[in-house]
Amino acid sequence: MTPFLQENVVFREVYCFLGGNEGNASWCGGDGLLPGGFEWAAYFAAGFVIMFILVNAALLGAAVFVWSERRLLARFQARRGPNRWGPWGIFQPIADLLKLIIKEDIVPNAADRLAFTLVPIIMLMALLLSLAVMPFARNTYLVNLNVGILYIIAVSSMSTIAIFMAGWSSANKYAMFGAMRGVAMLISYEIPLVLSLVGVVLIVGSMSLVSVVEAQTVPFLLVQPLGALVFMLGISAELNRTPFDILEAESEIIAGYHTEYSGIKFALIQAAEMAGVLAASGFLATIFMGGWSGPFWSGQLGAFWFLVKLAGFVMLFIWIRATFPRLRIDQIMAFAWKFLLPLALINFLVTAVQVYFFGFYQGDVPGELTRNELWIMAAINIPVALIAIGIFGRFSREKVRVPEPVFQNIAPSPRTMEVD
Amino acid sequence: MYGFGLAKGLMVTLKNFIRPPFTIQYPEERIPQHPRFRGEEFAWYEERCTGCASCAKYCPLGIIKIVTSEGGRSPQEGGHYDIDVFDIDIGRCMFCGLCVEACPYDALFMGSGFERGRYERQDLVITVDELREAVKKPSTWFRPQLEDSGYDPHKDSALDWRAVGREKWEWHQREKAGARIKFRPARVGDKTQEGDGEARS
Amino acid sequence: MAIRTEPVTINIGPQHPSTHGVLRLRVTFDGEVIVDVEPVFGYLHRGSEKLAEERNYVQVLTLTDRLDYVASMTNNQAYCIAVEKMLGVEAPLRGQYLRVLAAELQRAASHLVATGFLLQDLGALATPLMYCFRFREKILDLFEMLCGARITVSYMRPGGVFSDAPPDFWPALDDLMQEAPHLIQELEQLLMKNEIVLVRTKNVGVLSAESAIASSVSGPVLRASGVAWDWRKMDPYDIYDRLEFDVPVGERGDNYDRFRVRIEEVKQSLRIVEQCRDEIHPGPVRADVDAEAIDLVLERRGEAEKPLAEGPVRAELPFVLRPPAGAEAYGRVEAPKGELAFYLVSDGSIAPYRCKIRSPSLINLTVLRELLVGWKLADMIVTLGSIDINMGEVDR
Amino acid sequence: MLFQDLIFWALAAVAVVGALGVVLLRDVFRSALLLVLVFLTVAGLFFFLAAEFLGIVQVLIYAGAISILIIFAIMLTQNVQEGNLPNGLQFAAVLLPALLLVALAFVAFDTDWRLIADLPAVGGTAVEDAAFRDNTFTLSKLLLENYALAFGAAGTLLLASIIGALSLVRER
C-alpha cells in the first residue's frame with residue numbers, strides 16, 4: 001500500500017477491517033477478517049467499496065436532484081411540483097425511473113446501432129470519472145490526483161464525443177442539429193473554462209483539488225471573482241443549462257441530440273446530465289468556496305459543509321434555469337469568444353502579476369501565499385472584476401446589437417380620424 | 001450596467017418563490033365553481049317534460065335521442081307523452097347549453113359535474129334511467145328563476161320539479177325594467193347601426 | 001474560396017413542441033440559416049364554414065367558439081354583429097357594454113397567452129408562461145361567472161348577450177382590476193429589460209409597414225410595424241366610440257415590438273374594462289322585438305297569425321332567426337389576433353346560405369416567409385410565436 | 001504486479017486492435033470512434049508511465065478536441081458508410097508508419113523505463129524524484145526555461161495556421 005492511498009480515509013478503514021495491519025502502521029491495530037496472504041483481496045474490496053459508494057451517491061444524488069429541481073422550479077413558477085408519491089413527492093424520481101425502464105427501448109432502423117447504444121454509457125462514464133478527484137471531506141476522496149483540475153476538464157470533455165455520437169448515429173436531423181450546435185458550443189466554452197482555472201492554479205501552485213481546498217484560507221470566490229464567474233458560466237454551458245441549453249432546446253429542435261432515445265437509455269442520459277449539475281456544483285464549491293472547510297469543525301463536519309455549499313450552487317443553477325430564456329447559437333459563440341475569453345485572460349494576467357509580486361517576497365515557491373496576501377488580492381481583484389465586466393459588457397453589447405430598450409412611441413389616440 | 005435586467009428578472013422569480021403557489025391540489029381542493037357552470041350531468045325533470053324534443057332539435061350536434069309513446073291519460077287530464085328513451089351522448093356533447101335554452105318547459109337543466117371519465121364510449125351516454133335516478137342539482141345556467149332564488153347547486157340540496165319552474169317568476173323582469181329599443185325590419189342593402197338606439201338609462 | 005454547403009430540408013411539425021398546434025413548416029436550412037419556409041396547414045380543418053350552412057343562426061355560434069379557442073368572446077362578438085346587421089337588430093346598451101367588457105377581458109387573456117408562449121419559445125422554461133396563465137385563470141374565472149364556461153363560452157347571442165352578469169360578478173371584477181396592474185408590472189420587470197430577451201427579439205423578424213399593409217396583416221402584427229390601425233377606432237362597433245383608449249404602435253415591427261404592443265394592449269384593455277364597469281347602466285341585455293316583427297317573421301314563413309294581444313307586445317328575439325332572403329352582412333371586429341370577420345349571406349331560411357370567415361391568423365401567417373428568410377432556426381420559432389397564430393382559426 | 005501487468009496488456013491489446021480497426025474499417029465514422037478509443041488507451045499507458053500530465057493532456061486535446069474535429073470533417077464528406085476507397089497513396093501509407101514504427105521501437109528499447117510501482121524504490125537524485133512526483137511542475141519548468149524558444153515558436157506556428165485558416169474560409 002502506497003502512502004498515496006493511506007491518506008484516503010475510506011480506503012484505509014476498509015483495508016484495515018479486512019486485511020488487518022500491514023507493516024505495523026500507526027493507523028491500524030490488530031488483525032483483519034481475511035487471513036494472511038489475502039491482502040490483495042482487501043485492497044480490491046476497499047477499492048470496490050469506494051467505487052460503489054461513489055457511483056451510487058452520484059446516481060442517487062441525481063435522483064434527489066431531479067426531485068428537488070422539479071420542486072424548486074415549480075415554486076419559482078408559483079406551482080407546487082410533484083407531491084403525490086411519497087412525502088412531498090420525494091419518490092417521484094423512482095416512479096419516473098420505473099416508467100422509463102419499462103418503456104420500449106427503441107433504436108431507429110437507420111441508426112448506427114453500436115454508436116447509438118454506446119452513447120449513454122460514455123456520458124455516464126465521463127461523469128462518474130470526473131467525480132473521482134472530488135474531495136468530499138478531509139481525506140475522503142477516491143484519488144488525489146496531481147493534475148486534478150485538468151483531469152476534470154479532460155474527462156468531462158469526453159461527453160462532447162458522446163453528444164456527437166448521439167447526434168450522428170440517431171440518423172435524425174434534429175439530433176444532428178443538436179449535435180452540431182453542441183460540439184461548436186462545447187469546444188468554444190472549454191477554452192474560457194480552462195483559462196478561468198489558471199488563476200486558481202497559480203495561487204495554489206498545484207492542480208490537486210485537495211491542495212486547492214487546503215490553500216483556501218480565504219474563499220477563492222473573493223480572490224478570483226472573475227475566474228469564478230467565467231467558470232460558472234462556462235460550466236453551465238458545458239452542462240447544457242439555460243441560458244446555454246441550445247443543444248437540447250426543446251422549443252426548437254425537440255430534444256436535440258437525444259431526440260431518438262427512449263427507455264433506459266434516455267434515463268441514463270438524463271441521469272448523467274442531472275448528476276453533472278451536482279458534480280459541477282461540487283467543483284464550484286471545492287474550487288471557489290473552500291470545499292469541506294467550514295467556519296468551525298471542518299474536520300468533523302467536512303461533509304456537511306461541502307453539502308451545504310453544493311446545495312447552494314445547485315440552488316443557483318435551478319434559479320437561473322427558472323428565470324432566463326436561451327440565447328441563439330451565434331450569440332452564445334460571441335459570448336464565449338468576446339466576453340468570457342477576454343475576462344478569463346484578464347483574470348489570468350492580473351493573478352499572474354499578483355502571484356509573482358507576492359511570491360517574490362516569499363521566496364521562489366508558489367502556493368505559499370498567506371491569508372493577508374489573499375485578502376489583499378481579493379481587495380484588488382473585486383474592483384478589477386467589476387471594471388472588466390463593465391467594459392466588456394458594454395463592448396460585447398454593441399457587438400450583439402442591442403439597442404436601448406426604449407418603447408415610447410405609443411401613438412396618441414387617433415380619435416379624430418374619421419372613416420366615411 | 002450589463003446584466004442588470006437579468007438580475008431584476010432573478011428578483012422577480014425569487015419573489016414568486018416565496019409566495020404561495022397559485023395551483024390547487026385537484027381531487028382534495030377544488031376551485032369554487034359558479035352556479036352557472038355548464039356541467040356534465042344533466043338534470044331532467046320528467047314531470048315537466050312533454051317530450052316535445054325541442055332540445056334534440058336545437059342541439060347543434062344532434063346527440064340527444066328521444067323516443068316517446070302516447071301516455072295513458074288524455075291531455076285534458078294533464079297527461080303527456082311517456083318518455084321511453086332520452087339518451088344524451090355526452091361523449092360528443094360540447095356543453096353549449098342550447099338544449100337547455102331551447103326547452104320551453106324548464107324540464108332540462110345543465111348539471112355542475114365534470115368528472116365523467118370512462119373507459120368505454122358507451123358509458124358516456126346518459127340514459128333515461130340515469131337521468132331519472134340522478135340527484136337533481138340543476139345549474140342556474142339560462143334559468144334566471146333559479147339564479148334569483150340564490151340557488152347554488154354545490155351547497156344547496158336537490159330541487160324538486162315544483163321548485164325549478166318559472167311560473168312564479170316574471171320572465172326577464174329585471175331586464176325588461178330598462179328601456180325598449182327600436183326595431184326596424186332590415187332591407188337588403190340597408191346600412192345598419194345608425195346611432196345607438198335610445199340613450200342609456 | 002468559398003465552402004460549398006448543401007441545404008437541408010426539415011419538416012418542422014405537425015408534431016412539434018412549438019408550432020402552436022398542428023402547423024407544419026417545410027423549412028430549408030443552410031446550416032442554421034433559413035433559406036426557405038413554406039407553411040403547410042390544414043391538419044386541423046374541421047369545415048366550420050360548411051358546418052355553418054347546416055345549422056341555424058344560434059347554433060353556428062357554438063362553432064365560432066372553436067375557431068380561435070383562446071379568444072372565443074371576440075369570435076362570438078364578430079358573428080353576432082354580422083347576424084345583427086342582417087336582421088337590422090341592435091343590441092341594447094347594457095348588452096353592448098357587457099359584450100365589450102367580455103371581449104376586452106378576452107383580449108387581455110389572449111395576449112397573455114401569446115406573450116407567455118412567445119417567451120416559452122425563447123426557452124424561458126415556462127416561467128413567464130406560468131405567470132401569464134395565473135393572470136389568465138382569473139379572467140377565465142370571470143367568464144365562468146358570466147356564462148358557465150371558461151374557454152368555449154357561447155356568451156353572446158345575436159341581439160346582445162344571453163343573460164345579465166350575475167351579481168357576484170362585479171365584486172370579482174373589482175378584485176381583478178385591483179390585482180392586474182401588479183401582475184403586469186411583474187411580467188414587465190421579468191422581461192422588458194432582460195438582456196437575453198432583448199438580444200433575441202430586437203431587430204429580429206422585421207416587418208416593414210409597407211409590406212405589412214401590402215400583405216393585409218392586421219392586429220398587433222400590423223400595429224407593431226408602426227401602422228395605427230384598429231377597427232375599434234376606425235369603424236367603432238358596439239360601444240367603442242364611447243370609450244377612451246389608446247392604440248399602441250411599435251417602431252420597427254420586430255419581434256420585440258410585437259411582444260411589447262401586446263403587453264401595452266393588455267393595459268389598454270384593462271382600461272376599457274374599467275370604463276365599462278363604471279359606465280354600465282341597468283337595462284335589458286338582449287334585444288327584444290315588437291310583436292310586429294314576429295309577425296314579419298311568421299309572414300315570411302307563410303304562417304301569419306294574429307298577435308295574441310292588442311297593443312305593443314314585446315317578445316324576445318326568437319331562438320330561430322330568419323333574416324330576409326338576400327340579406328348579407330360583413331361583421332367585423334378587432335379580435336386579439338387581428339381583424340376577424342364573418343361574412344354571412346342569407347337565403348331566407350333558418351341557416352346561413354354562406355358563411356365566410358376571415359381569420360386573422362391565416363392572413364398573418366402569410367408574412368412568415370418574408371420575416372424568416374436569412375434568420376436562424378431559433379429565430380424562426382420566436383417569430384412564429386410573435387405572430388401569434390392559432391391553428392383552429394387558420395384551418396377553420 | 002499481477003493486476004498492473006494485466007491492465008497494461010489489456011490496454012496495449014485494445015490500442016493495437018483499435019488502431020488496426022481505424023485503418024481497416026470501411027465505415028469512416030466508426031474508424032474515427034475507434035481512433036478516440038486508441039487515444040484513450042494511449043492516455044492510459046501514459047498513466048502507467050507516471051506521466052499523468054501527458055495522459056490528461058492526451059485525453060483533453062486528442063480525445064476531446066482533435067478527434068471531434070476529425071469527426072466534424074468526416075461529417076462533411078459525402079459517403080461516410082463506405083468511404084476509404086483505395087487510391088495511389090497506399091504505398092506511402094505503409095512506408096511512413098513503418099519508418100515511424102522503427103523509430104518508436106528504437107526509442108522504446110533505448111529508454112530506461114521506471115514504472116509507478118517502482119516509485120519508492122527509485123533511488124535517483126532529488127530532481128528525478130521530484131520529476132516523478134510532480135511532473136507537471138517539472139514539465140512546465142522545462143518548457144518555459146530550457147525549451148522556451150521552441151515552445152514559443154510552436155505557439156507562433158499554431159497562431160499563424162489559425163489566422164491562415166480563418167482567412168481561407170472567410171466570406172468576402
# chains A, B, ... in the order shown; residues from 1 in each chain; ligands from 1

$ residues_around --residues "C:Leu344" --least-positions-apart "5" --cutoff "8 Å" --atoms "only C-alpha atoms" --output "MDAnalysis selection string"
chainID C and resid 82:83 328:330 352:356

$ residues_around --residues "A:Ile235" --least-positions-apart "5" --cutoff "9 Å" --atoms "only C-alpha atoms" --output "JSON, numbers by chain"
{"A": [189, 190, 193, 230, 240, 241, 277, 280]}

$ interface_residues --of "chain A" --to "chain B" --cutoff "12 Å" --atoms "only C-alpha atoms" --output "CSV table (one decimal) with N, CA and C atoms, in the first residue's frame"
chain,number,residue,atom,x,y,z
A,71,ARG,N,-39.3,20.3,-7.9
A,71,ARG,CA,-40.0,21.1,-6.8
A,71,ARG,C,-39.6,22.5,-6.8
A,72,LEU,N,-38.3,22.8,-6.9
A,72,LEU,CA,-37.9,24.2,-6.8
A,72,LEU,C,-38.4,25.0,-8.1
A,73,LEU,N,-38.2,24.4,-9.2
A,73,LEU,CA,-38.7,25.1,-10.4
A,73,LEU,C,-40.2,25.4,-10.3
A,74,ALA,N,-40.9,24.4,-9.8
A,74,ALA,CA,-42.3,24.7,-9.6
A,74,ALA,C,-42.6,25.8,-8.7
A,75,ARG,N,-41.8,25.9,-7.6
A,75,ARG,CA,-42.0,27.0,-6.7
A,75,ARG,C,-41.6,28.4,-7.4
A,76,PHE,N,-40.6,28.3,-8.2
A,76,PHE,CA,-40.2,29.6,-8.9
A,76,PHE,C,-41.3,30.0,-9.8
A,77,GLN,N,-42.1,29.0,-10.3
A,77,GLN,CA,-43.1,29.3,-11.3
A,77,GLN,C,-44.5,29.4,-10.6
A,78,ALA,N,-44.5,29.5,-9.3
A,78,ALA,CA,-45.7,29.6,-8.5
A,78,ALA,C,-46.6,28.4,-8.6
A,79,ARG,N,-46.0,27.3,-8.8
A,79,ARG,CA,-46.7,26.0,-8.8
A,79,ARG,C,-46.3,25.2,-7.6
A,80,ARG,N,-46.7,23.9,-7.5
A,80,ARG,CA,-46.3,23.1,-6.4
A,80,ARG,C,-45.3,22.0,-6.8
A,81,GLY,N,-45.4,21.5,-8.0
A,81,GLY,CA,-44.4,20.5,-8.3
A,81,GLY,C,-44.9,19.1,-7.9
A,82,PRO,N,-44.1,18.1,-8.1
A,82,PRO,CA,-44.6,16.7,-7.8
A,82,PRO,C,-44.8,16.6,-6.3
A,83,ASN,N,-45.9,16.1,-5.9
A,83,ASN,CA,-46.2,16.0,-4.4
A,83,ASN,C,-47.1,14.8,-4.1
A,84,ARG,N,-47.2,13.8,-5.0
A,84,ARG,CA,-48.1,12.8,-4.8
A,84,ARG,C,-47.5,11.5,-4.2
A,243,PRO,N,-28.9,29.7,-19.6
A,243,PRO,CA,-29.3,30.1,-21.0
A,243,PRO,C,-28.5,29.5,-22.1
A,315,MET,N,-28.9,25.2,-6.1
A,315,MET,CA,-30.0,26.2,-6.0
A,315,MET,C,-29.8,27.3,-7.0
A,316,LEU,N,-28.6,27.8,-7.1
A,316,LEU,CA,-28.3,28.9,-8.0
A,316,LEU,C,-28.5,28.4,-9.5
A,317,PHE,N,-28.1,27.2,-9.8
A,317,PHE,CA,-28.3,26.7,-11.1
A,317,PHE,C,-29.8,26.6,-11.4
A,318,ILE,N,-30.6,26.1,-10.5
A,318,ILE,CA,-32.0,26.0,-10.7
A,318,ILE,C,-32.7,27.3,-10.8
A,319,TRP,N,-32.2,28.3,-10.0
A,319,TRP,CA,-32.8,29.6,-10.1
A,319,TRP,C,-32.6,30.2,-11.4
A,320,ILE,N,-31.3,30.1,-11.9
A,320,ILE,CA,-31.0,30.6,-13.3
A,320,ILE,C,-31.9,29.9,-14.3
A,321,ARG,N,-32.1,28.6,-14.2
A,321,ARG,CA,-32.8,27.9,-15.2
A,321,ARG,C,-34.3,28.4,-15.1
A,322,ALA,N,-34.8,28.7,-14.0
A,322,ALA,CA,-36.2,29.1,-13.9
A,322,ALA,C,-36.4,30.5,-14.5
A,323,THR,N,-35.4,31.3,-14.6
A,323,THR,CA,-35.6,32.7,-14.9
A,323,THR,C,-35.2,33.0,-16.4
A,324,PHE,N,-34.2,32.5,-16.9
A,324,PHE,CA,-33.7,33.0,-18.2
A,324,PHE,C,-34.1,32.3,-19.4
A,325,PRO,N,-34.4,33.1,-20.5
A,325,PRO,CA,-34.6,32.4,-21.8
A,325,PRO,C,-33.2,32.0,-22.3
A,339,PHE,N,-16.7,37.8,-24.7
A,339,PHE,CA,-16.9,38.2,-23.3
A,339,PHE,C,-16.1,37.4,-22.3
A,386,LEU,N,-15.2,44.0,-11.5
A,386,LEU,CA,-16.4,44.9,-11.8
A,386,LEU,C,-16.1,45.8,-13.0
A,387,ILE,N,-14.8,46.3,-13.1
A,387,ILE,CA,-14.5,47.2,-14.2
A,387,ILE,C,-14.4,46.4,-15.5
A,388,ALA,N,-13.8,45.2,-15.4
A,388,ALA,CA,-13.7,44.4,-16.6
A,388,ALA,C,-15.1,44.0,-17.1
A,389,ILE,N,-15.9,43.6,-16.2
A,389,ILE,CA,-17.3,43.2,-16.7
A,389,ILE,C,-18.0,44.4,-17.3
A,390,GLY,N,-17.8,45.5,-16.7
A,390,GLY,CA,-18.5,46.7,-17.2
A,390,GLY,C,-18.0,47.0,-18.6
A,391,ILE,N,-16.7,47.0,-18.8
A,391,ILE,CA,-16.1,47.4,-20.1
A,391,ILE,C,-16.5,46.4,-21.1
A,392,PHE,N,-16.3,45.1,-20.8
A,392,PHE,CA,-16.5,44.1,-21.9
A,392,PHE,C,-18.0,43.9,-22.1
A,393,GLY,N,-18.8,44.1,-21.0
A,393,GLY,CA,-20.2,44.0,-21.2
A,393,GLY,C,-20.7,45.0,-22.2
A,394,ARG,N,-20.2,46.3,-22.0
A,394,ARG,CA,-20.6,47.3,-23.0
A,394,ARG,C,-20.1,47.0,-24.4
A,395,PHE,N,-18.9,46.5,-24.4
A,395,PHE,CA,-18.2,46.2,-25.7
A,395,PHE,C,-19.0,45.1,-26.4
A,396,SER,N,-19.3,44.0,-25.7
A,396,SER,CA,-20.0,42.9,-26.4
A,396,SER,C,-21.5,43.2,-26.6
A,397,ARG,N,-22.0,44.1,-25.8
A,397,ARG,CA,-23.4,44.5,-26.1
A,397,ARG,C,-23.5,45.2,-27.4
A,398,GLU,N,-22.5,46.1,-27.7
A,398,GLU,CA,-22.6,46.7,-29.0
A,398,GLU,C,-22.4,45.7,-30.1
A,402,VAL,N,-27.6,45.3,-29.4
A,402,VAL,CA,-28.8,45.5,-28.6
A,402,VAL,C,-29.1,47.0,-28.5
A,404,GLU,N,-31.1,50.4,-27.2
A,404,GLU,CA,-31.6,50.8,-25.9
A,404,GLU,C,-33.0,50.3,-25.8
A,405,PRO,N,-33.4,49.7,-24.7
A,405,PRO,CA,-34.7,49.2,-24.5
A,405,PRO,C,-35.7,50.3,-24.2

$ residues_around --residues "B:Cys49" --least-positions-apart "3" --cutoff "7 Å" --atoms "only C-alpha atoms" --output "ChimeraX atom specification"
/B:45-46,105,107

$ closest_atom_pairs --of "chain A" --to "chain D" --cutoff "9 Å" --atoms "only C-alpha atoms" --output "tab-separated table"
residue	atom	partner	partner_atom	distance
A:Thr2	CA	D:Pro120	CA	8.7
A:Ala115	CA	D:Arg30	CA	8.0
A:Leu145	CA	D:Glu52	CA	8.4
A:Asn146	CA	D:Asp134	CA	6.8
A:Val147	CA	D:Phe53	CA	6.3
A:Leu150	CA	D:Ile56	CA	6.9
A:Tyr151	CA	D:Ile56	CA	5.9
A:Ile153	CA	D:Leu60	CA	7.3
A:Ala154	CA	D:Leu60	CA	4.2
A:Val155	CA	D:Val59	CA	7.2
A:Ser156	CA	D:Gly64	CA	8.8
A:Ser157	CA	D:Gly64	CA	5.4
A:Met158	CA	D:Gly64	CA	5.7
A:Ser159	CA	D:Gly64	CA	8.5
A:Thr160	CA	D:Gly64	CA	7.2
A:Ile161	CA	D:Ile68	CA	6.6
A:Phe164	CA	D:Ile68	CA	8.0
A:Met165	CA	D:Leu33	CA	8.5
A:Trp168	CA	D:Met75	CA	8.4
A:Met180	CA	D:Phe72	CA	8.5
A:Val183	CA	D:Ile68	CA	7.8
A:Ile187	CA	D:Ala65	CA	7.1
A:Gly205	CA	D:Phe137	CA	8.8
A:Ser206	CA	D:Phe137	CA	8.3
A:Met207	CA	D:Thr136	CA	8.8

$ interface_residues --of "chain C" --to "chain A" --cutoff "9 Å" --atoms "only C-alpha atoms" --output "PyMOL selection string"
chain C and resi 8+10+12+16-19+31-32+119-131+134+190+192-200+202-203+226+228+233-235+241+244-251+257+260-261+264+376-381

$ closest_residue --among "C:Ala287, C:Met145, C:Ala172, C:Val367" --to "C:Ser216" --atoms "only C-alpha atoms"
C:Val367
